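The file query_39.pdb comes next; it holds PDB, C-alpha atoms and all ligand atoms.
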```
ATOM      1  CA  ALA A 247      72.620  37.225  68.233
ATOM      2  CA  VAL A 248      75.661  35.084  67.443
ATOM      3  CA  MET A 249      76.633  34.803  71.091
ATOM      4  CA  THR A 250      73.032  34.056  72.098
ATOM      5  CA  ARG A 251      72.922  31.138  69.691
ATOM      6  CA  ALA A 252      76.401  30.004  70.743
ATOM      7  CA  GLY A 253      75.428  30.187  74.423
ATOM      8  CA  ARG A 254      72.192  28.288  73.773
ATOM      9  CA  ASP A 255      73.817  25.410  71.907
ATOM     10  CA  TYR A 256      77.277  25.199  73.480
ATOM     11  CA  ARG A 257      78.898  25.556  76.845
ATOM     12  CA  ILE A 258      81.410  28.340  76.293
ATOM     13  CA  LEU A 259      84.460  27.625  78.406
ATOM     14  CA  THR A 260      86.306  30.840  77.965
ATOM     15  CA  ASN A 261      85.405  34.169  76.465
ATOM     16  CA  GLU A 262      86.455  36.691  79.051
ATOM     17  CA  ASP A 263      87.796  39.314  76.770
ATOM     18  CA  ASP A 264      87.991  40.368  73.176
ATOM     19  CA  HIS A 265      91.709  39.651  72.811
ATOM     20  CA  PRO A 266      93.669  36.690  71.493
ATOM     21  CA  TYR A 267      95.425  34.255  73.815
ATOM     22  CA  GLY A 268      98.967  32.987  73.285
ATOM     23  CA  ALA A 269      99.528  29.329  72.334
ATOM     24  CA  GLU A 270     100.285  28.134  75.864
ATOM     25  CA  GLU A 271      97.319  29.787  77.442
ATOM     26  CA  MET A 272      95.111  28.546  74.634
ATOM     27  CA  ALA A 273      96.138  24.919  75.268
ATOM     28  CA  ARG A 274      95.449  25.364  78.981
ATOM     29  CA  ARG A 275      92.063  26.922  78.355
ATOM     30  CA  ALA A 276      91.145  24.198  75.852
ATOM     31  CA  GLU A 277      91.155  21.598  78.649
ATOM     32  CA  GLY A 278      87.811  19.775  78.450
ATOM     33  CA  ALA A 279      86.753  21.488  75.197
ATOM     34  CA  ASP A 280      85.284  19.660  72.199
ATOM     35  CA  ALA A 281      86.171  22.446  69.782
ATOM     36  CA  LEU A 282      88.094  25.679  69.502
ATOM     37  CA  LEU A 283      86.543  28.768  67.982
ATOM     38  CA  VAL A 284      89.342  31.115  66.957
ATOM     39  CA  CYS A 285      89.884  34.304  64.964
ATOM     40  CA  ALA A 286      92.490  35.008  62.311
ATOM     41  CA  VAL A 287      94.556  36.820  64.926
ATOM     42  CA  ASP A 288      94.750  33.732  67.186
ATOM     43  CA  PRO A 289      97.842  31.808  66.120
ATOM     44  CA  VAL A 290      97.233  28.057  66.154
ATOM     45  CA  PRO A 291     100.705  26.691  65.407
ATOM     46  CA  ALA A 292     101.657  23.017  65.202
ATOM     47  CA  ALA A 293     102.988  23.088  68.779
ATOM     48  CA  LEU A 294      99.597  24.225  70.096
ATOM     49  CA  ILE A 295      97.740  21.646  68.026
ATOM     50  CA  ARG A 296     100.006  18.893  69.376
ATOM     51  CA  ALA A 297      99.435  20.163  72.915
ATOM     52  CA  LEU A 298      95.646  20.224  72.626
ATOM     53  CA  PRO A 299      93.731  17.767  74.776
ATOM     54  CA  ASP A 300      92.265  14.746  72.942
ATOM     55  CA  SER A 301      88.771  16.081  73.585
ATOM     56  CA  VAL A 302      89.296  18.780  70.924
ATOM     57  CA  ARG A 303      88.054  17.414  67.599
ATOM     58  CA  MET A 304      87.389  20.567  65.659
ATOM     59  CA  ILE A 305      88.809  24.065  65.112
ATOM     60  CA  ALA A 306      86.289  26.544  63.718
ATOM     61  CA  THR A 307      87.815  29.808  62.624
ATOM     62  CA  PHE A 308      85.868  33.050  62.476
ATOM     63  CA  SER A 309      87.703  34.071  59.282
ATOM     64  CA  VAL A 310      88.163  33.141  55.669
ATOM     65  CA  GLY A 311      91.951  33.149  56.099
ATOM     66  CA  THR A 312      93.463  29.974  57.524
ATOM     67  CA  ASP A 313      97.129  31.003  57.511
ATOM     68  CA  HIS A 314      97.087  31.238  61.329
ATOM     69  CA  ILE A 315      96.332  27.516  61.645
ATOM     70  CA  ALA A 316      98.890  24.742  61.076
ATOM     71  CA  LEU A 317      96.575  22.720  58.853
ATOM     72  CA  ALA A 318      98.996  19.820  58.366
ATOM     73  CA  ALA A 319      99.324  19.377  62.134
ATOM     74  CA  ALA A 320      95.531  19.476  62.489
ATOM     75  CA  LYS A 321      95.219  16.814  59.810
ATOM     76  CA  GLU A 322      97.840  14.709  61.563
ATOM     77  CA  ARG A 323      95.813  14.776  64.758
ATOM     78  CA  GLY A 324      92.544  14.210  62.926
ATOM     79  CA  ILE A 325      91.223  17.621  63.958
ATOM     80  CA  VAL A 326      88.742  19.066  61.489
ATOM     81  CA  VAL A 327      89.187  22.730  60.523
ATOM     82  CA  ALA A 328      86.484  24.919  58.965
ATOM     83  CA  ASN A 329      86.394  28.626  58.008
ATOM     84  CA  THR A 330      83.851  31.273  56.980
ATOM     85  CA  PRO A 331      84.298  31.998  53.252
ATOM     86  CA  GLY A 332      81.867  33.935  51.092
ATOM     87  CA  VAL A 333      80.102  35.960  53.737
ATOM     88  CA  LEU A 334      82.857  38.583  54.001
ATOM     89  CA  THR A 335      83.502  39.017  50.285
ATOM     90  CA  ASP A 336      81.530  42.214  49.747
ATOM     91  CA  ALA A 337      82.579  43.964  52.952
ATOM     92  CA  THR A 338      86.246  43.272  52.235
ATOM     93  CA  ALA A 339      86.020  44.362  48.602
ATOM     94  CA  ASP A 340      84.243  47.539  49.772
ATOM     95  CA  ILE A 341      87.150  48.337  52.100
ATOM     96  CA  ALA A 342      89.664  47.552  49.350
ATOM     97  CA  PHE A 343      87.928  50.037  47.090
ATOM     98  CA  LEU A 344      87.700  52.563  49.887
ATOM     99  CA  LEU A 345      91.470  52.208  50.365
ATOM    100  CA  LEU A 346      92.072  52.530  46.642
ATOM    101  CA  LEU A 347      90.065  55.740  46.459
ATOM    102  CA  GLY A 348      91.285  57.059  49.789
ATOM    103  CA  ALA A 349      94.951  56.490  48.969
ATOM    104  CA  ALA A 350      94.651  57.819  45.424
ATOM    105  CA  ARG A 351      92.669  60.920  46.439
ATOM    106  CA  ARG A 352      94.682  61.611  49.619
ATOM    107  CA  ALA A 353      91.629  61.335  51.860
ATOM    108  CA  ALA A 354      93.601  60.792  55.074
ATOM    109  CA  GLU A 355      95.785  63.825  54.410
ATOM    110  CA  GLY A 356      92.731  65.985  53.756
ATOM    111  CA  GLU A 357      91.026  64.758  56.908
ATOM    112  CA  ARG A 358      94.097  65.476  59.006
ATOM    113  CA  MET A 359      94.454  68.924  57.476
ATOM    114  CA  ILE A 360      90.910  69.879  58.480
ATOM    115  CA  ARG A 361      91.002  68.301  61.936
ATOM    116  CA  GLU A 362      94.355  69.866  62.777
ATOM    117  CA  GLY A 363      93.098  73.298  61.775
ATOM    118  CA  ARG A 364      95.620  73.610  58.932
ATOM    119  CA  TRP A 365      93.072  74.215  56.150
ATOM    120  CA  ASP A 366      93.293  77.811  55.117
ATOM    121  CA  GLY A 367      90.943  77.516  52.165
ATOM    122  CA  TRP A 368      90.634  76.011  48.703
ATOM    123  CA  ALA A 369      93.598  76.299  46.363
ATOM    124  CA  PRO A 370      93.967  74.999  42.794
ATOM    125  CA  THR A 371      97.002  72.850  43.575
ATOM    126  CA  GLN A 372      95.943  71.652  47.035
ATOM    127  CA  LEU A 373      95.996  67.887  47.702
ATOM    128  CA  ILE A 374      96.168  66.878  44.055
ATOM    129  CA  GLY A 375      95.744  63.134  43.937
ATOM    130  CA  THR A 376      95.906  60.331  41.401
ATOM    131  CA  HIS A 377      93.022  60.045  38.933
ATOM    132  CA  VAL A 378      91.137  56.749  39.314
ATOM    133  CA  THR A 379      88.408  56.486  36.657
ATOM    134  CA  GLY A 380      89.503  54.730  33.473
ATOM    135  CA  LYS A 381      92.900  53.606  34.848
ATOM    136  CA  ARG A 382      94.286  50.057  34.936
ATOM    137  CA  LEU A 383      93.725  47.935  38.029
ATOM    138  CA  ALA A 384      95.852  44.819  38.555
ATOM    139  CA  ILE A 385      94.454  42.230  40.933
ATOM    140  CA  LEU A 386      96.672  39.612  42.540
ATOM    141  CA  GLY A 387      94.438  36.697  43.487
ATOM    142  CA  MET A 388      91.135  36.433  41.614
ATOM    143  CA  GLY A 389      89.164  34.494  44.195
ATOM    144  CA  ARG A 390      85.864  35.682  45.594
ATOM    145  CA  ILE A 391      87.215  38.965  46.974
ATOM    146  CA  GLY A 392      89.401  39.703  43.941
ATOM    147  CA  GLN A 393      86.393  39.203  41.672
ATOM    148  CA  ALA A 394      84.224  41.442  43.858
ATOM    149  CA  MET A 395      86.954  44.097  43.639
ATOM    150  CA  ALA A 396      86.942  43.757  39.830
ATOM    151  CA  ARG A 397      83.162  44.270  39.752
ATOM    152  CA  ARG A 398      83.512  47.458  41.766
ATOM    153  CA  ALA A 399      86.315  48.692  39.503
ATOM    154  CA  CYS A 400      84.118  48.141  36.424
ATOM    155  CA  GLY A 401      81.855  50.872  37.778
ATOM    156  CA  PHE A 402      84.870  53.172  37.549
ATOM    157  CA  ASP A 403      85.578  52.156  33.931
ATOM    158  CA  MET A 404      88.862  50.585  34.981
ATOM    159  CA  GLU A 405      90.730  48.108  32.781
ATOM    160  CA  ILE A 406      91.153  44.961  34.856
ATOM    161  CA  HIS A 407      94.304  42.840  34.781
ATOM    162  CA  TYR A 408      94.696  39.825  37.014
ATOM    163  CA  HIS A 409      96.933  37.016  38.069
ATOM    164  CA  ASN A 410      95.613  33.872  39.650
ATOM    165  CA  ARG A 411      97.014  30.375  39.829
ATOM    166  CA  ARG A 412      94.154  29.226  37.630
ATOM    167  CA  ARG A 413      92.717  31.294  34.800
ATOM    168  CA  LEU A 414      89.000  31.971  35.292
ATOM    169  CA  PRO A 415      86.488  30.572  32.792
ATOM    170  CA  ALA A 416      85.773  33.198  30.108
ATOM    171  CA  ALA A 417      82.264  33.895  31.441
ATOM    172  CA  GLU A 418      83.635  34.789  34.870
ATOM    173  CA  GLU A 419      86.565  36.764  33.479
ATOM    174  CA  ALA A 420      84.162  39.478  32.277
ATOM    175  CA  GLY A 421      86.778  41.071  30.021
ATOM    176  CA  ALA A 422      89.602  41.053  32.570
ATOM    177  CA  ILE A 423      93.069  40.443  31.108
ATOM    178  CA  TYR A 424      94.809  37.351  32.491
ATOM    179  CA  HIS A 425      98.548  37.239  33.177
ATOM    180  CA  ALA A 426      99.874  33.733  33.735
ATOM    181  CA  ASP A 427     102.981  35.279  35.300
ATOM    182  CA  ALA A 428     102.216  37.902  37.959
ATOM    183  CA  ASP A 429     105.443  39.748  37.156
ATOM    184  CA  ASP A 430     104.208  40.396  33.602
ATOM    185  CA  MET A 431     101.108  42.067  35.004
ATOM    186  CA  LEU A 432     102.991  44.616  37.100
ATOM    187  CA  PRO A 433     103.856  47.131  34.327
ATOM    188  CA  ALA A 434     100.088  47.468  33.697
ATOM    189  CA  ALA A 435      99.281  48.177  37.337
ATOM    190  CA  ASP A 436      98.371  51.827  37.751
ATOM    191  CA  PHE A 437      96.664  50.333  40.796
ATOM    192  CA  LEU A 438      97.625  47.016  42.381
ATOM    193  CA  SER A 439      95.234  45.330  44.790
ATOM    194  CA  ILE A 440      96.380  42.253  46.707
ATOM    195  CA  HIS A 441      93.857  39.471  47.389
ATOM    196  CA  SER A 442      95.989  36.323  47.663
ATOM    197  CA  PRO A 443      96.233  34.144  50.746
ATOM    198  CA  ALA A 444      99.337  34.228  52.915
ATOM    199  CA  THR A 445     101.455  31.166  52.164
ATOM    200  CA  PRO A 446     105.197  30.523  52.255
ATOM    201  CA  GLU A 447     105.200  31.219  48.466
ATOM    202  CA  THR A 448     103.522  34.635  48.819
ATOM    203  CA  HIS A 449     105.663  35.812  51.759
ATOM    204  CA  HIS A 450     106.991  39.308  50.905
ATOM    205  CA  TRP A 451     105.653  38.846  47.380
ATOM    206  CA  LEU A 452     105.610  42.606  46.848
ATOM    207  CA  ASN A 453     109.331  43.267  47.184
ATOM    208  CA  ALA A 454     111.706  45.898  45.776
ATOM    209  CA  GLU A 455     112.130  44.091  42.424
ATOM    210  CA  ARG A 456     108.392  43.826  41.851
ATOM    211  CA  ILE A 457     107.774  47.419  42.942
ATOM    212  CA  ALA A 458     110.379  48.489  40.357
ATOM    213  CA  ARG A 459     108.210  46.840  37.654
ATOM    214  CA  LEU A 460     105.175  48.945  38.580
ATOM    215  CA  PRO A 461     104.568  52.176  36.645
ATOM    216  CA  ASP A 462     105.891  55.290  38.379
ATOM    217  CA  GLY A 463     103.173  56.802  40.529
ATOM    218  CA  ALA A 464     101.298  53.522  41.037
ATOM    219  CA  VAL A 465      99.037  52.976  44.047
ATOM    220  CA  VAL A 466      99.156  49.760  46.104
ATOM    221  CA  VAL A 467      96.233  48.373  48.118
ATOM    222  CA  ASN A 468      96.388  45.438  50.519
ATOM    223  CA  THR A 469      93.414  43.901  52.290
ATOM    224  CA  ALA A 470      94.759  40.321  52.284
ATOM    225  CA  ARG A 471      97.618  39.790  54.736
ATOM    226  CA  GLY A 472     100.517  42.034  55.719
ATOM    227  CA  THR A 473     103.034  39.268  55.118
ATOM    228  CA  LEU A 474     102.565  39.563  51.347
ATOM    229  CA  VAL A 475     104.308  42.933  51.429
ATOM    230  CA  ASP A 476     107.927  43.680  52.236
ATOM    231  CA  ASP A 477     107.375  46.777  54.371
ATOM    232  CA  GLU A 478     110.943  48.058  53.944
ATOM    233  CA  ALA A 479     110.586  48.025  50.159
ATOM    234  CA  LEU A 480     107.116  49.567  50.187
ATOM    235  CA  ILE A 481     108.134  52.318  52.586
ATOM    236  CA  ALA A 482     111.232  53.148  50.500
ATOM    237  CA  ALA A 483     109.085  53.402  47.353
ATOM    238  CA  LEU A 484     106.500  55.612  49.069
ATOM    239  CA  ARG A 485     109.277  57.811  50.370
ATOM    240  CA  SER A 486     111.076  58.172  47.043
ATOM    241  CA  GLY A 487     107.866  58.903  45.137
ATOM    242  CA  LYS A 488     108.186  55.769  43.004
ATOM    243  CA  LEU A 489     104.728  54.906  44.366
ATOM    244  CA  ALA A 490     102.153  57.668  44.744
ATOM    245  CA  ALA A 491     100.367  56.094  47.679
ATOM    246  CA  ALA A 492      99.359  52.917  49.499
ATOM    247  CA  GLY A 493      96.107  51.908  51.158
ATOM    248  CA  LEU A 494      96.628  49.208  53.757
ATOM    249  CA  ASP A 495      94.208  47.349  56.033
ATOM    250  CA  VAL A 496      96.610  44.590  57.090
ATOM    251  CA  PHE A 497     100.179  44.618  58.356
ATOM    252  CA  GLU A 498     102.949  42.177  59.073
ATOM    253  CA  ASN A 499     103.181  41.835  62.888
ATOM    254  CA  GLU A 500      99.924  43.748  63.346
ATOM    255  CA  PRO A 501      98.862  45.488  65.534
ATOM    256  CA  LYS A 502     102.467  46.708  65.576
ATOM    257  CA  LEU A 503     103.196  48.980  62.666
ATOM    258  CA  HIS A 504     106.583  49.142  60.953
ATOM    259  CA  PRO A 505     108.007  52.435  62.302
ATOM    260  CA  GLY A 506     108.689  53.578  58.727
ATOM    261  CA  TYR A 507     104.962  54.183  58.181
ATOM    262  CA  ALA A 508     104.890  56.832  60.884
ATOM    263  CA  GLY A 509     105.024  60.239  59.270
ATOM    264  CA  LEU A 510     104.639  58.910  55.726
ATOM    265  CA  PRO A 511     101.864  61.165  54.426
ATOM    266  CA  ASN A 512     100.967  59.149  51.326
ATOM    267  CA  THR A 513      99.417  56.195  53.141
ATOM    268  CA  PHE A 514      95.814  55.506  53.990
ATOM    269  CA  LEU A 515      95.903  53.063  56.887
ATOM    270  CA  LEU A 516      93.070  51.131  58.530
ATOM    271  CA  PRO A 517      93.223  48.703  61.472
ATOM    272  CA  HIS A 518      92.259  45.376  59.793
ATOM    273  CA  MET A 519      88.584  46.201  59.410
ATOM    274  CA  GLY A 520      87.830  44.652  56.009
ATOM    275  CA  SER A 521      85.030  42.464  57.331
ATOM    276  CA  ALA A 522      83.885  44.827  60.066
ATOM    277  CA  THR A 523      80.249  45.429  59.161
ATOM    278  CA  ASP A 524      77.231  44.451  61.255
ATOM    279  CA  ARG A 525      75.839  42.064  58.664
ATOM    280  CA  THR A 526      79.184  40.505  57.800
ATOM    281  CA  ARG A 527      80.357  39.819  61.326
ATOM    282  CA  ASP A 528      76.958  38.270  62.175
ATOM    283  CA  ALA A 529      77.181  36.102  59.065
ATOM    284  CA  MET A 530      80.740  35.063  59.959
ATOM    285  CA  GLY A 531      79.610  34.069  63.449
ATOM    286  CA  PHE A 532      76.604  32.113  62.171
ATOM    287  CA  THR A 533      78.739  30.388  59.540
ATOM    288  CA  ALA A 534      81.275  29.355  62.186
ATOM    289  CA  LEU A 535      78.405  27.967  64.288
ATOM    290  CA  ASP A 536      76.926  26.175  61.243
ATOM    291  CA  ASN A 537      80.288  24.460  60.790
ATOM    292  CA  LEU A 538      80.368  23.392  64.440
ATOM    293  CA  ASP A 539      76.721  22.268  64.400
ATOM    294  CA  ALA A 540      77.228  20.128  61.297
ATOM    295  CA  PHE A 541      80.344  18.477  62.652
ATOM    296  CA  PHE A 542      78.808  17.628  66.021
ATOM    297  CA  ALA A 543      75.667  16.337  64.268
ATOM    298  CA  GLY A 544      77.929  13.877  62.451
ATOM    299  CA  LYS A 545      77.674  15.710  59.113
ATOM    300  CA  GLU A 546      80.242  17.287  56.832
ATOM    301  CA  PRO A 547      80.897  20.922  57.933
ATOM    302  CA  PRO A 548      79.956  23.141  54.966
ATOM    303  CA  ASN A 549      83.293  24.946  54.962
ATOM    304  CA  ARG A 550      85.789  22.294  55.894
ATOM    305  CA  VAL A 551      89.362  23.150  54.915
ATOM    306  CA  ALA A 552      91.195  20.251  56.595
TER     307      ALA A 552
HETATM  308  C1  LIG A 601      88.758  39.269  60.130
HETATM  309  C2  LIG A 601      90.112  38.219  58.168
HETATM  310  O1  LIG A 601      88.558  40.575  60.455
HETATM  311  O2  LIG A 601      88.553  36.564  57.587
HETATM  312  C3  LIG A 601      89.716  36.889  57.621
HETATM  313  O3  LIG A 601      90.621  36.121  57.227
HETATM  314  O4  LIG A 601      91.242  38.564  58.144
HETATM  315  C4  LIG A 601      89.083  39.188  58.685
HETATM  316  O5  LIG A 601      87.858  39.021  58.102
HETATM  317  C5  LIG A 601      89.470  38.646  61.201
HETATM  318  O6  LIG A 601      90.780  38.449  61.033
HETATM  319  C6  LIG A 601      88.669  37.483  61.610
HETATM  320  O7  LIG A 601      89.239  36.595  62.433
END
```
Can the structure in the file be given as structure tokens, please?
Amino acid sequence: AVMTRAGRDYRILTNEDDHPYGAEEMARRAEGADALLVCAVDPVPAALIRALPDSVRMIATFSVGTDHIALAAAKERGIVVANTPGVLTDATADIAFLLLLGAARRAAEGERMIREGRWDGWAPTQLIGTHVTGKRLAILGMGRIGQAMARRACGFDMEIHYHNRRRLPAAEEAGAIYHADADDMLPAADFLSIHSPATPETHHWLNAERIARLPDGAVVVNTARGTLVDDEALIAALRSGKLAAAGLDVFENEPKLHPGYAGLPNTFLLPHMGSATDRTRDAMGFTALDNLDAFFAGKEPPNRVA
């Protein structure tokens, strides 16, 4: 339905495959275009923005994240950028909770055991995982998705701790405990779920020092961006048993995986599918088109970021 509407209202110059183009090819393909429609996996660095033909006046991204776009360079060239916030909140929080449960309860290990024919029957000490209900969940980044994660965790009687640049108004906090300094939150994180955007300040935020502040046996979940986690440090902690498990949907340099994850049993890994539901992807597509429609009708795009 999204492509039908896009094809009805726009002349689509290039959409031959489902894979991202490199910067050079993107600039070449943008020749004669009024706008670019990109995904979070399409890097739009400053060099590409400077190389874009003058005809391009807008970049609509099919994502809430905008870390792949050099926003300052877009601003410099007067190119408007808009994203798709809100519509992927629930799907992403659902996957974050799935990862939390799956990592804690060793779901991937159990699945592999059955599929590989290694299950020789129930045993009282088989695949003992980490208890979830009633534990403490620390949330880094209490935006829309962080808050949706907190709501899900309330159903599991979890005590919510959070760090966010701004403290939420009391009504929205819903009993969650605010930590002005993220490092002070870490000792309370039986579970840590990452929901902050990727910025230069959050690069490798979860490093060896911060992991050391987590309780022994903590579980880490990341559905934000792989760059927030220092893979070397996380892998070392999963190997040593400092961390019980990790549930990850995003990776630095994805789709390439740090080789250290191979053979680590206590990980529950998914291929960046946080927003991959029928309803959500349709809504993302329609939102991206709404942004384009508004801009080309001379109005303010509803989700302008630059
Ligand atoms: C997408 C995302 O799956 O919206 C984002 O920022 O990371 C995901 O929802 C994908 O990257 C969309 O381009």
Using only C-alpha atoms and all ligand atoms, the shortest atom-to-atom distance to ligand LIG 601 (chain A) among A:Gly367, A:Gly375, A:Gly472, A:Gly421 belongs to A:Gly472
Find the residues around region 514-521 of chain A up to 7 Å (all atoms listed in the file counted), leave out those fewer than 2 positions away in its own chain, and share them as an mmCIF file with C-alpha atoms, in the coordinates of the input.
```
data_model
loop_
_atom_site.group_PDB
_atom_site.id
_atom_site.type_symbol
_atom_site.label_atom_id
_atom_site.label_comp_id
_atom_site.auth_asym_id
_atom_site.auth_seq_id
_atom_site.Cartn_x
_atom_site.Cartn_y
_atom_site.Cartn_z
ATOM 1 C CA LEU A 334 82.857 38.583 54.001
ATOM 2 C CA ALA A 337 82.579 43.964 52.952
ATOM 3 C CA THR A 338 86.246 43.272 52.235
ATOM 4 C CA ILE A 341 87.150 48.337 52.100
ATOM 5 C CA LEU A 345 91.470 52.208 50.365
ATOM 6 C CA GLY A 348 91.285 57.059 49.789
ATOM 7 C CA ALA A 349 94.951 56.490 48.969
ATOM 8 C CA ALA A 354 93.601 60.792 55.074
ATOM 9 C CA THR A 469 93.414 43.901 52.290
ATOM 10 C CA ALA A 492 99.359 52.917 49.499
ATOM 11 C CA GLY A 493 96.107 51.908 51.158
ATOM 12 C CA LEU A 494 96.628 49.208 53.757
ATOM 13 C CA ASP A 495 94.208 47.349 56.033
ATOM 14 C CA VAL A 496 96.610 44.590 57.090
ATOM 15 C CA ASN A 512 100.967 59.149 51.326
ATOM 16 C CA THR A 523 80.249 45.429 59.161
ATOM 17 C CA THR A 526 79.184 40.505 57.800
ATOM 18 C CA ARG A 527 80.357 39.819 61.326
#
```
CA of Leu373 (chain A) to CA of Leu344 (chain A): how many Å, to one decimal?
->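 Result for CA of Leu373 (chain A) versus CA of Leu344 (chain A): 17.6 Å, one decimal.
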Could you list, as a short mmCIF file (atom, residue, chain, number, x, y, z; two decimals) with C-alpha atoms, in the frame of the given file, all the residues within 8 Å of ligand LIG 601 (chain A), counting all atoms listed in the file?
```
data_model
loop_
_atom_site.label_atom_id
_atom_site.label_comp_id
_atom_site.auth_asym_id
_atom_site.auth_seq_id
_atom_site.Cartn_x
_atom_site.Cartn_y
_atom_site.Cartn_z
CA VAL A 284 89.34 31.12 66.96
CA CYS A 285 89.88 34.30 64.96
CA ALA A 286 92.49 35.01 62.31
CA VAL A 287 94.56 36.82 64.93
CA ASP A 288 94.75 33.73 67.19
CA THR A 307 87.82 29.81 62.62
CA PHE A 308 85.87 33.05 62.48
CA SER A 309 87.70 34.07 59.28
CA VAL A 310 88.16 33.14 55.67
CA GLY A 311 91.95 33.15 56.10
CA THR A 312 93.46 29.97 57.52
CA THR A 330 83.85 31.27 56.98
CA PRO A 331 84.30 32.00 53.25
CA LEU A 334 82.86 38.58 54.00
CA THR A 338 86.25 43.27 52.24
CA ALA A 470 94.76 40.32 52.28
CA ARG A 471 97.62 39.79 54.74
CA HIS A 518 92.26 45.38 59.79
CA MET A 519 88.58 46.20 59.41
CA GLY A 520 87.83 44.65 56.01
CA SER A 521 85.03 42.46 57.33
CA ALA A 522 83.88 44.83 60.07
#
```
Region 250-254 of chain A: which residues within 12 Å, counting all atoms listed in the file, same-chain residues fewer than 3 positions away excluded, as a list in words?
->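 My reading of the contact set: Ala247, Arg257, Ile258, Leu259, Thr260, Asn261, Leu283, Asp528, Gly531, Phe532, Thr533, Ala534, Leu535, Asp536, Leu538 and Asp539 of chain A.
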Residue members of the PyMOL selection byres (((chain A and resi 551) around 6) and not hetatm) in the file shown, as an MDAnalysis selection string = chainID A and resid 327:328 550 552
Counting only C-alpha atoms, select every polymer residue within 8 Å of (104.6, 43.0, 46.0) as defined in the file's coordinates, and provide the selection as a VMD selection string.
-> chain A and resid 450 to 454 456 to 457 474 to 476
Expected file contents, prior selection, C-alpha atoms, as a CSV table (one decimal), in the coordinates of the input:
```csv
chain,number,residue,atom,x,y,z
A,450,HIS,CA,107.0,39.3,50.9
A,451,TRP,CA,105.7,38.8,47.4
A,452,LEU,CA,105.6,42.6,46.8
A,453,ASN,CA,109.3,43.3,47.2
A,454,ALA,CA,111.7,45.9,45.8
A,456,ARG,CA,108.4,43.8,41.9
A,457,ILE,CA,107.8,47.4,42.9
A,474,LEU,CA,102.6,39.6,51.3
A,475,VAL,CA,104.3,42.9,51.4
A,476,ASP,CA,107.9,43.7,52.2
```
